[in-house]
$ cat run-v7.pdb   # PDB, C-alpha atoms
ATOM      1  CA  MET A   1      33.497 -68.293 -10.351
ATOM      2  CA  LYS A   2      29.888 -69.168  -9.381
ATOM      3  CA  LYS A   3      27.050 -68.463 -11.804
ATOM      4  CA  ASP A   4      25.374 -65.933  -9.464
ATOM      5  CA  GLN A   5      28.567 -63.929  -8.931
ATOM      6  CA  MET A   6      29.159 -60.817 -11.034
ATOM      7  CA  PRO A   7      32.536 -59.880 -12.462
ATOM      8  CA  THR A   8      34.284 -57.178 -10.443
ATOM      9  CA  GLY A   9      34.441 -54.742 -13.400
ATOM     10  CA  ARG A  10      30.746 -55.047 -14.095
ATOM     11  CA  ARG A  11      29.875 -54.375 -10.422
ATOM     12  CA  ALA A  12      31.958 -51.213 -10.501
ATOM     13  CA  VAL A  13      30.170 -49.941 -13.627
ATOM     14  CA  LEU A  14      26.754 -50.510 -12.038
ATOM     15  CA  ARG A  15      27.818 -48.720  -8.838
ATOM     16  CA  ILE A  16      28.888 -45.671 -10.870
ATOM     17  CA  ALA A  17      25.611 -45.662 -12.804
ATOM     18  CA  ALA A  18      23.592 -45.849  -9.580
ATOM     19  CA  ALA A  19      25.530 -42.929  -8.098
ATOM     20  CA  LEU A  20      24.903 -40.806 -11.187
ATOM     21  CA  GLY A  21      21.200 -41.613 -11.068
ATOM     22  CA  ALA A  22      20.960 -40.576  -7.427
ATOM     23  CA  THR A  23      22.703 -37.278  -8.195
ATOM     24  CA  ALA A  24      20.247 -36.543 -11.005
ATOM     25  CA  THR A  25      17.307 -37.285  -8.701
ATOM     26  CA  VAL A  26      18.590 -34.876  -6.053
ATOM     27  CA  GLY A  27      18.988 -32.220  -8.740
ATOM     28  CA  VAL A  28      15.361 -32.627  -9.855
ATOM     29  CA  LEU A  29      14.063 -32.335  -6.287
ATOM     30  CA  ALA A  30      16.114 -29.203  -5.657
ATOM     31  CA  ALA A  31      14.903 -27.619  -8.883
ATOM     32  CA  ASP A  32      11.275 -28.412  -8.015
ATOM     33  CA  ARG A  33      11.623 -26.888  -4.570
ATOM     34  CA  PHE A  34      12.642 -23.531  -6.016
ATOM     35  CA  GLY A  35      10.614 -23.681  -9.181
ATOM     36  CA  THR A  36       6.887 -23.558  -9.877
ATOM     37  CA  PRO A  37       4.849 -23.851  -6.664
ATOM     38  CA  PRO A  38       2.674 -26.968  -6.328
ATOM     39  CA  GLY A  39      -0.634 -26.552  -8.147
ATOM     40  CA  ALA A  40       0.574 -23.668 -10.304
ATOM     41  CA  PRO A  41       0.476 -23.990 -14.095
ATOM     42  CA  PRO A  42       3.788 -24.362 -15.935
ATOM     43  CA  SER A  43       3.355 -20.926 -17.546
ATOM     44  CA  GLY A  44       2.121 -17.731 -15.925
ATOM     45  CA  ARG A  45       2.205 -16.778 -12.273
ATOM     46  CA  PRO A  46      -0.161 -17.894  -9.537
ATOM     47  CA  ASP A  47      -2.435 -15.336  -7.957
ATOM     48  CA  VAL A  48      -2.362 -14.625  -4.241
ATOM     49  CA  ALA A  49      -4.659 -17.558  -3.523
ATOM     50  CA  GLY A  50      -2.190 -19.972  -5.098
ATOM     51  CA  GLY A  51      -3.981 -20.532  -8.419
ATOM     52  CA  PRO A  52      -4.020 -18.666 -11.717
ATOM     53  CA  ALA A  53      -5.902 -15.381 -11.636
ATOM     54  CA  PRO A  54      -8.937 -15.793 -13.921
ATOM     55  CA  GLY A  55      -8.706 -13.644 -17.003
ATOM     56  CA  HIS A  56      -5.331 -12.194 -16.093
ATOM     57  CA  GLY A  57      -2.899 -14.869 -17.291
ATOM     58  CA  PRO A  58      -0.801 -14.092 -20.377
ATOM     59  CA  ALA A  59      -2.188 -15.304 -23.690
ATOM     60  CA  ALA A  60      -0.434 -18.209 -25.359
ATOM     61  CA  GLY A  61       2.699 -16.982 -27.033
ATOM     62  CA  ALA A  62       2.557 -13.573 -25.322
ATOM     63  CA  PRO A  63       5.884 -12.108 -24.143
ATOM     64  CA  ALA A  64       6.683 -12.872 -20.525
ATOM     65  CA  ASN A  65       7.247  -9.194 -19.724
ATOM     66  CA  THR A  66       3.886  -7.965 -21.037
ATOM     67  CA  ARG A  67       2.776  -5.024 -18.885
ATOM     68  CA  LEU A  68      -0.066  -5.898 -16.542
ATOM     69  CA  LYS A  69      -3.355  -4.078 -16.869
ATOM     70  CA  PRO A  70      -4.310  -1.999 -13.806
ATOM     71  CA  SER A  71      -6.988  -4.566 -12.932
ATOM     72  CA  ALA A  72      -4.319  -7.243 -12.639
ATOM     73  CA  TYR A  73      -1.784  -5.164 -10.718
ATOM     74  CA  ARG A  74      -0.436  -6.978  -7.662
ATOM     75  CA  LEU A  75      -2.968  -9.778  -8.086
ATOM     76  CA  GLN A  76      -0.123 -11.626  -9.794
ATOM     77  CA  PRO A  77       2.714 -10.751  -7.392
ATOM     78  CA  MET A  78       6.159 -10.096  -8.791
ATOM     79  CA  THR A  79       7.584 -12.378  -6.092
ATOM     80  CA  ALA A  80       5.611 -15.409  -7.278
ATOM     81  CA  ASP A  81       8.717 -17.002  -8.782
ATOM     82  CA  ALA A  82      10.681 -16.663  -5.532
ATOM     83  CA  PRO A  83      10.894 -19.445  -2.948
ATOM     84  CA  PRO A  84       7.818 -19.406  -0.660
ATOM     85  CA  ALA A  85       9.940 -18.433   2.358
ATOM     86  CA  PHE A  86      10.903 -15.145   0.689
ATOM     87  CA  ARG A  87       7.481 -13.986  -0.466
ATOM     88  CA  LYS A  88       6.079 -10.961   1.323
ATOM     89  CA  ALA A  89       3.023 -11.880   3.362
ATOM     90  CA  LEU A  90      -0.197 -10.110   2.448
ATOM     91  CA  PRO A  91      -2.186  -8.439   5.223
ATOM     92  CA  PRO A  92      -5.394 -10.090   6.405
ATOM     93  CA  VAL A  93      -8.745  -8.995   5.012
ATOM     94  CA  ARG A  94     -10.183  -6.558   7.543
ATOM     95  CA  GLN A  95     -13.856  -6.025   8.317
ATOM     96  CA  ARG A  96     -13.309  -2.419   9.354
ATOM     97  CA  PRO A  97     -10.505   0.132   8.988
ATOM     98  CA  PHE A  98      -8.095   1.168  11.702
ATOM     99  CA  LEU A  99      -9.376   4.284  13.471
ATOM    100  CA  LYS A 100      -6.343   5.005  15.637
ATOM    101  CA  MET A 101      -2.845   3.738  16.360
ATOM    102  CA  SER A 102      -2.081   1.645  19.426
ATOM    103  CA  GLY A 103       1.166   1.286  21.317
ATOM    104  CA  VAL A 104       2.628   4.590  20.118
ATOM    105  CA  GLY A 105       2.741   6.356  23.483
ATOM    106  CA  ARG A 106       1.951  10.060  23.492
ATOM    107  CA  SER A 107       1.954  10.271  19.707
ATOM    108  CA  MET A 108      -0.510  11.347  17.036
ATOM    109  CA  VAL A 109      -0.774  10.823  13.291
ATOM    110  CA  LEU A 110      -1.565  13.676  10.890
ATOM    111  CA  THR A 111      -3.058  12.680   7.538
ATOM    112  CA  PHE A 112      -3.848  14.699   4.413
ATOM    113  CA  ASP A 113      -6.168  13.499   1.640
ATOM    114  CA  ASP A 114      -6.943  14.128  -2.047
ATOM    115  CA  GLY A 115      -3.601  15.586  -3.173
ATOM    116  CA  PRO A 116      -1.086  16.401  -4.196
ATOM    117  CA  ASP A 117      -2.059  19.950  -5.166
ATOM    118  CA  PRO A 118       0.681  22.438  -6.162
ATOM    119  CA  ARG A 119      -1.276  25.286  -4.518
ATOM    120  CA  TYR A 120      -1.364  23.802  -1.004
ATOM    121  CA  THR A 121       0.753  20.661  -0.656
ATOM    122  CA  PRO A 122       4.127  22.494  -0.836
ATOM    123  CA  GLU A 123       3.127  24.769   2.063
ATOM    124  CA  ILE A 124       2.022  21.802   4.176
ATOM    125  CA  LEU A 125       5.290  20.025   3.414
ATOM    126  CA  ALA A 126       7.240  23.164   4.353
ATOM    127  CA  THR A 127       5.461  23.423   7.727
ATOM    128  CA  LEU A 128       6.042  19.767   8.542
ATOM    129  CA  ARG A 129       9.691  20.136   7.536
ATOM    130  CA  ARG A 130      10.081  23.215   9.744
ATOM    131  CA  TYR A 131       9.071  21.222  12.812
ATOM    132  CA  GLY A 132      10.751  17.982  11.802
ATOM    133  CA  CYS A 133       7.485  16.018  11.660
ATOM    134  CA  ARG A 134       6.343  13.241   9.359
ATOM    135  CA  ALA A 135       2.766  12.728   8.187
ATOM    136  CA  MET A 136       0.691  10.546   5.878
ATOM    137  CA  PHE A 137      -0.558  11.689   2.469
ATOM    138  CA  PHE A 138      -3.363   9.689   0.888
ATOM    139  CA  VAL A 139      -3.006  10.585  -2.752
ATOM    140  CA  CYS A 140      -5.325  10.249  -5.756
ATOM    141  CA  GLY A 141      -3.789   8.662  -8.836
ATOM    142  CA  GLU A 142      -5.016  11.370 -11.227
ATOM    143  CA  LYS A 143      -3.299  13.980  -9.028
ATOM    144  CA  VAL A 144      -0.098  11.951  -8.812
ATOM    145  CA  ALA A 145       0.037  11.767 -12.617
ATOM    146  CA  GLU A 146       0.108  15.578 -12.783
ATOM    147  CA  ASN A 147       2.371  16.235  -9.763
ATOM    148  CA  GLN A 148       4.943  13.469  -9.551
ATOM    149  CA  ASP A 149       7.658  15.759  -8.169
ATOM    150  CA  LEU A 150       5.491  16.578  -5.144
ATOM    151  CA  VAL A 151       5.047  12.866  -4.433
ATOM    152  CA  ARG A 152       8.806  12.404  -4.611
ATOM    153  CA  GLU A 153       9.199  15.330  -2.212
ATOM    154  CA  MET A 154       6.795  13.672   0.231
ATOM    155  CA  ALA A 155       8.810  10.463   0.204
ATOM    156  CA  ALA A 156      12.140  12.310   0.423
ATOM    157  CA  ASP A 157      10.935  14.023   3.615
ATOM    158  CA  GLY A 158      10.021  10.657   5.147
ATOM    159  CA  HIS A 159       6.245  10.972   4.831
ATOM    160  CA  VAL A 160       4.068   7.923   4.151
ATOM    161  CA  VAL A 161       2.303   7.966   0.777
ATOM    162  CA  GLY A 162      -1.003   6.084   0.859
ATOM    163  CA  ASN A 163      -3.570   5.116  -1.759
ATOM    164  CA  HIS A 164      -6.785   7.171  -1.963
ATOM    165  CA  SER A 165      -8.072   5.691  -5.260
ATOM    166  CA  TRP A 166      -7.549   7.124  -8.728
ATOM    167  CA  SER A 167     -10.494   9.500  -9.165
ATOM    168  CA  HIS A 168     -12.068   9.709  -5.668
ATOM    169  CA  PRO A 169     -15.310   7.810  -6.393
ATOM    170  CA  LEU A 170     -17.873   6.498  -3.936
ATOM    171  CA  ILE A 171     -16.485   2.965  -3.616
ATOM    172  CA  PRO A 172     -19.659   1.071  -2.566
ATOM    173  CA  LYS A 173     -21.350   2.130  -5.815
ATOM    174  CA  LEU A 174     -18.631   0.524  -7.954
ATOM    175  CA  ARG A 175     -18.361  -2.997  -9.312
ATOM    176  CA  PRO A 176     -15.417  -4.980  -7.900
ATOM    177  CA  SER A 177     -13.578  -4.626 -11.229
ATOM    178  CA  ARG A 178     -13.828  -0.847 -10.995
ATOM    179  CA  ILE A 179     -12.618  -0.849  -7.384
ATOM    180  CA  ARG A 180      -9.675  -2.960  -8.518
ATOM    181  CA  ASP A 181      -8.910  -0.458 -11.298
ATOM    182  CA  GLU A 182      -9.151   2.552  -8.954
ATOM    183  CA  LEU A 183      -6.836   1.091  -6.320
ATOM    184  CA  GLY A 184      -4.586  -0.913  -8.626
ATOM    185  CA  SER A 185      -3.886   1.933 -11.059
ATOM    186  CA  THR A 186      -2.959   4.254  -8.195
ATOM    187  CA  SER A 187      -0.655   1.725  -6.552
ATOM    188  CA  GLU A 188       0.981   1.016  -9.880
ATOM    189  CA  LEU A 189       1.684   4.700 -10.542
ATOM    190  CA  VAL A 190       2.971   5.370  -7.015
ATOM    191  CA  GLU A 191       5.322   2.409  -7.333
ATOM    192  CA  LYS A 192       6.533   3.710 -10.685
ATOM    193  CA  VAL A 193       7.229   7.150  -9.172
ATOM    194  CA  LEU A 194       8.693   6.074  -5.817
ATOM    195  CA  GLY A 195       9.952   2.553  -6.432
ATOM    196  CA  SER A 196       7.617   1.010  -3.868
ATOM    197  CA  ALA A 197       3.851   0.595  -3.710
ATOM    198  CA  PRO A 198       1.628   2.045  -0.956
ATOM    199  CA  LEU A 199       1.148  -0.041   2.181
ATOM    200  CA  TRP A 200      -1.916   1.899   3.373
ATOM    201  CA  TYR A 201      -5.132   3.008   1.724
ATOM    202  CA  ARG A 202      -8.169   5.079   2.610
ATOM    203  CA  ALA A 203     -11.570   4.910   0.961
ATOM    204  CA  PRO A 204     -12.855   8.226  -0.442
ATOM    205  CA  PHE A 205     -15.503   9.736   1.844
ATOM    206  CA  GLY A 206     -14.630   7.007   4.351
ATOM    207  CA  ALA A 207     -17.058   4.732   2.480
ATOM    208  CA  TRP A 208     -15.765   1.138   2.667
ATOM    209  CA  ASN A 209     -17.317  -2.157   1.655
ATOM    210  CA  ARG A 210     -16.345  -5.813   1.693
ATOM    211  CA  HIS A 211     -14.868  -5.689  -1.805
ATOM    212  CA  SER A 212     -12.641  -2.734  -0.942
ATOM    213  CA  PHE A 213     -11.231  -4.572   2.083
ATOM    214  CA  GLU A 214     -10.594  -7.707   0.011
ATOM    215  CA  ILE A 215      -8.995  -5.891  -2.925
ATOM    216  CA  GLY A 216      -6.951  -3.630  -0.671
ATOM    217  CA  ALA A 217      -5.511  -6.685   1.074
ATOM    218  CA  GLU A 218      -4.765  -8.337  -2.279
ATOM    219  CA  LEU A 219      -2.782  -5.231  -3.191
ATOM    220  CA  GLY A 220      -0.806  -5.492   0.049
ATOM    221  CA  MET A 221      -2.434  -2.536   1.823
ATOM    222  CA  GLU A 222      -3.996  -1.976   5.239
ATOM    223  CA  PRO A 223      -7.074   0.283   5.599
ATOM    224  CA  LEU A 224      -6.738   3.416   7.716
ATOM    225  CA  ALA A 225      -9.601   5.756   8.623
ATOM    226  CA  TRP A 226      -9.341   8.497  11.267
ATOM    227  CA  THR A 227     -10.201   9.445  14.833
ATOM    228  CA  VAL A 228     -10.586  13.224  14.475
ATOM    229  CA  ASP A 229     -12.197  14.830  11.419
ATOM    230  CA  THR A 230     -11.225  18.481  11.113
ATOM    231  CA  LEU A 231     -14.095  19.025   8.629
ATOM    232  CA  ASP A 232     -11.710  21.335   6.792
ATOM    233  CA  TRP A 233     -13.378  20.319   3.518
ATOM    234  CA  LYS A 234     -16.358  22.458   4.639
ATOM    235  CA  GLU A 235     -14.018  25.455   4.979
ATOM    236  CA  PRO A 236     -15.332  26.199   8.499
ATOM    237  CA  GLY A 237     -12.583  28.723   9.269
ATOM    238  CA  THR A 238      -9.047  28.335  10.541
ATOM    239  CA  ASP A 239     -10.054  28.746  14.197
ATOM    240  CA  SER A 240     -12.591  25.925  13.918
ATOM    241  CA  ILE A 241     -10.037  23.540  12.402
ATOM    242  CA  VAL A 242      -7.458  24.326  15.075
ATOM    243  CA  ARG A 243     -10.016  23.847  17.851
ATOM    244  CA  ARG A 244     -11.119  20.447  16.547
ATOM    245  CA  VAL A 245      -7.539  19.166  16.428
ATOM    246  CA  LEU A 246      -6.580  20.429  19.887
ATOM    247  CA  ASP A 247      -9.825  19.268  21.500
ATOM    248  CA  GLY A 248      -9.447  15.805  19.996
ATOM    249  CA  ALA A 249      -5.751  15.391  20.771
ATOM    250  CA  ALA A 250      -4.949  12.111  22.555
ATOM    251  CA  PRO A 251      -2.429   9.258  22.278
ATOM    252  CA  GLY A 252      -2.850   7.297  19.052
ATOM    253  CA  VAL A 253      -5.296   9.731  17.466
ATOM    254  CA  VAL A 254      -5.363   9.948  13.664
ATOM    255  CA  VAL A 255      -6.299  13.408  12.366
ATOM    256  CA  LEU A 256      -7.981  13.857   8.980
ATOM    257  CA  SER A 257      -7.222  16.983   6.932
ATOM    258  CA  HIS A 258      -6.989  17.756   3.206
ATOM    259  CA  ASP A 259      -4.341  19.252   0.953
ATOM    260  CA  ALA A 260      -6.489  19.240  -2.203
ATOM    261  CA  GLY A 261     -10.071  18.940  -3.433
ATOM    262  CA  GLY A 262     -10.990  22.588  -2.959
ATOM    263  CA  ASN A 263      -9.707  25.750  -1.315
ATOM    264  CA  ARG A 264      -7.373  24.415   1.355
ATOM    265  CA  SER A 265      -5.833  27.688   2.490
ATOM    266  CA  GLN A 266      -7.571  27.292   5.877
ATOM    267  CA  SER A 267      -6.048  23.833   6.275
ATOM    268  CA  VAL A 268      -2.601  25.249   5.556
ATOM    269  CA  ALA A 269      -3.034  28.097   8.058
ATOM    270  CA  ALA A 270      -4.478  25.788  10.719
ATOM    271  CA  LEU A 271      -1.510  23.383  10.521
ATOM    272  CA  ARG A 272       0.867  26.277  11.181
ATOM    273  CA  ARG A 273      -1.006  26.991  14.408
ATOM    274  CA  TYR A 274      -1.940  23.607  15.877
ATOM    275  CA  LEU A 275       1.286  21.721  15.061
ATOM    276  CA  PRO A 276       3.557  23.737  17.392
ATOM    277  CA  GLU A 277       0.842  23.646  20.077
ATOM    278  CA  LEU A 278       0.686  19.855  19.901
ATOM    279  CA  LEU A 279       4.462  19.634  20.196
ATOM    280  CA  ASP A 280       4.483  22.058  23.135
ATOM    281  CA  ALA A 281       1.838  19.884  24.821
ATOM    282  CA  GLY A 282       4.250  16.927  24.684
ATOM    283  CA  TYR A 283       2.844  15.094  21.680
ATOM    284  CA  SER A 284       5.083  13.624  19.030
ATOM    285  CA  ILE A 285       3.839  13.422  15.451
ATOM    286  CA  THR A 286       4.518  10.009  13.991
ATOM    287  CA  VAL A 287       3.534   7.662  11.180
ATOM    288  CA  PRO A 288       2.494   3.994  11.504
ATOM    289  CA  ARG A 289       4.978   1.244  10.745
ATOM    290  CA  ARG A 290       4.390  -1.985   8.880
TER     291      ARG A 290
END
$ encode --input "run-v7.pdb" --output "structure tokens"
Amino acid sequence: MKKDQMPTGRRAVLRIAAALGATATVGVLAADRFGTPPGAPPSGRPDVAGGPAPGHGPAAGAPANTRLKPSAYRLQPMTADAPPAFRKALPPVRQRPFLKMSGVGRSMVLTFDDGPDPRYTPEILATLRRYGCRAMFFVCGEKVAENQDLVREMAADGHVVGNHSWSHPLIPKLRPSRIRDELGSTSELVEKVLGSAPLWYRAPFGAWNRHSFEIGAELGMEPLAWTVDTLDWKEPGTDSIVRRVLDGAAPGVVVLSHDAGGNRSQSVAALRRYLPELLDAGYSITVPRR
């Protein structure tokens, strides 16, 4: 046997060792692909921008299931540990809210703000149910806390439950942290009640700013305003509310009404009148899809 030749048994042992090493390497690559995303710290979850959310990461030694504060809600997505291909995409940051729906044919969207209120919301739900129509309810977190069964009834009837902040403040006067608390706390409670968080939000008084668009997008929501304002919050009379809705009716129109925040008996009575007229005129009442 020549000096540079290796015994057959020794060559076999080295081949086996090389095969085992290659298998281990493949296992490490596979684990890395489905483990912590590149650039993320070994502990904690990345925020939506791909890095740790400042001030919101768990303290050293804290339990992994520590409940997030409202200000951190959805800024550290629950899907962060999933493979990138399975994470739900966040909506883009808008510069203005949607005012109407496009591509819905001869359809309109009815929306109700500030509730739920046990004095008026049940009657609005009953009218919508009578005509087999779905609507959108932009709810306030403090009202949801007191009337969770009404929110469940909304969802059970197929209505869309949107975020209208926690306490109905004037958003542009708030610091970004307060905006995050108002929207995040409401989304968190709605998700706890219904099992899913809101996909739409509306600024109180229709007063938006850059921070509200950014934070709303971080929470996975799109901003929706309106096309027709019934001005029912002024209590102008049932006839006036009905006239505004019928005069403004058109494909894709979003109608603003209220089911809370004051005496909404005129809003309830007006819905009973204008809803069948809209249906008789060939309109369908729909809700946006996402």
$ residues_around --input "run-v7.pdb" --residues "Val160 of chain A" --least-positions-apart "2" --cutoff "9 Å" --atoms "all atoms listed in the file" --output "number ranges by chain"
A: 134-138, 154-155, 158, 162, 198-200, 287-288
$ atom_distance --input "run-v7.pdb" --atom1 "atom CA of Pro169 of chain A" --atom2 "atom CA of Ala145 of chain A"
17.0 Å
$ resolve_selection --input "run-v7.pdb" --expression "the PyMOL selection byres ((chain A and resi 267) around 9)" --output "VMD selection string"
chain A and resid 120 124 230 232 to 233 235 237 to 238 241 to 242 257 to 259 263 to 266 268 to 272
$ resolve_selection --input "run-v7.pdb" --expression "the PyMOL selection byres ((chain A and resi 94) around 12)" --output "list in words"
Leu90, Pro91, Pro92, Val93, Gln95, Arg96, Pro97, Phe98, Trp208, Asn209, Arg210, His211, Ser212, Phe213, Glu214, Ile215, Gly216, Ala217, Glu218, Met221, Glu222, Pro223 and Leu224 of chain A
$ closest_residue --input "run-v7.pdb" --among "A:Glu191, A:Arg244, A:Val254, A:Gly261" --to "Pro204 of chain A" --atoms "only C-alpha atoms"
A:Gly261
$ resolve_selection --input "run-v7.pdb" --expression "the PyMOL selection byres ((chain A and resi 276) around 12)" --output "JSON, numbers by chain"
{"A": [127, 128, 130, 131, 132, 133, 242, 246, 270, 271, 272, 273, 274, 275, 277, 278, 279, 280, 281, 282, 283, 284, 285]}
$ axis_aligned_box --input "run-v7.pdb" --around "segment 178-194 of chain A" --padding-each-side "5 Å" --output "AutoDock Vina command-line options"
--center_x -2.6 --center_y 2.1 --center_z -8.6 --size_x 32.5 --size_y 20.1 --size_z 15.5
$ atom_distance --input "run-v7.pdb" --atom1 "atom CA of Pro176 of chain A" --atom2 "atom CA of Lys192 of chain A"
23.8 Å
$ atom_distance --input "run-v7.pdb" --atom1 "atom CA of Arg152 of chain A" --atom2 "atom CA of Asp113 of chain A"
16.3 Å
$ residues_around --input "run-v7.pdb" --residues "Gly103 of chain A" --least-positions-apart "6" --cutoff "12 Å" --atoms "only C-alpha atoms" --output "list in words"
Pro251, Gly252, Val253, Thr286, Pro288 and Arg289 of chain A
$ closest_residue --input "run-v7.pdb" --among "A:Leu231, A:Ile179, A:Leu150, A:Ile171" --to "Leu194 of chain A" --atoms "all atoms listed in the file"
A:Leu150
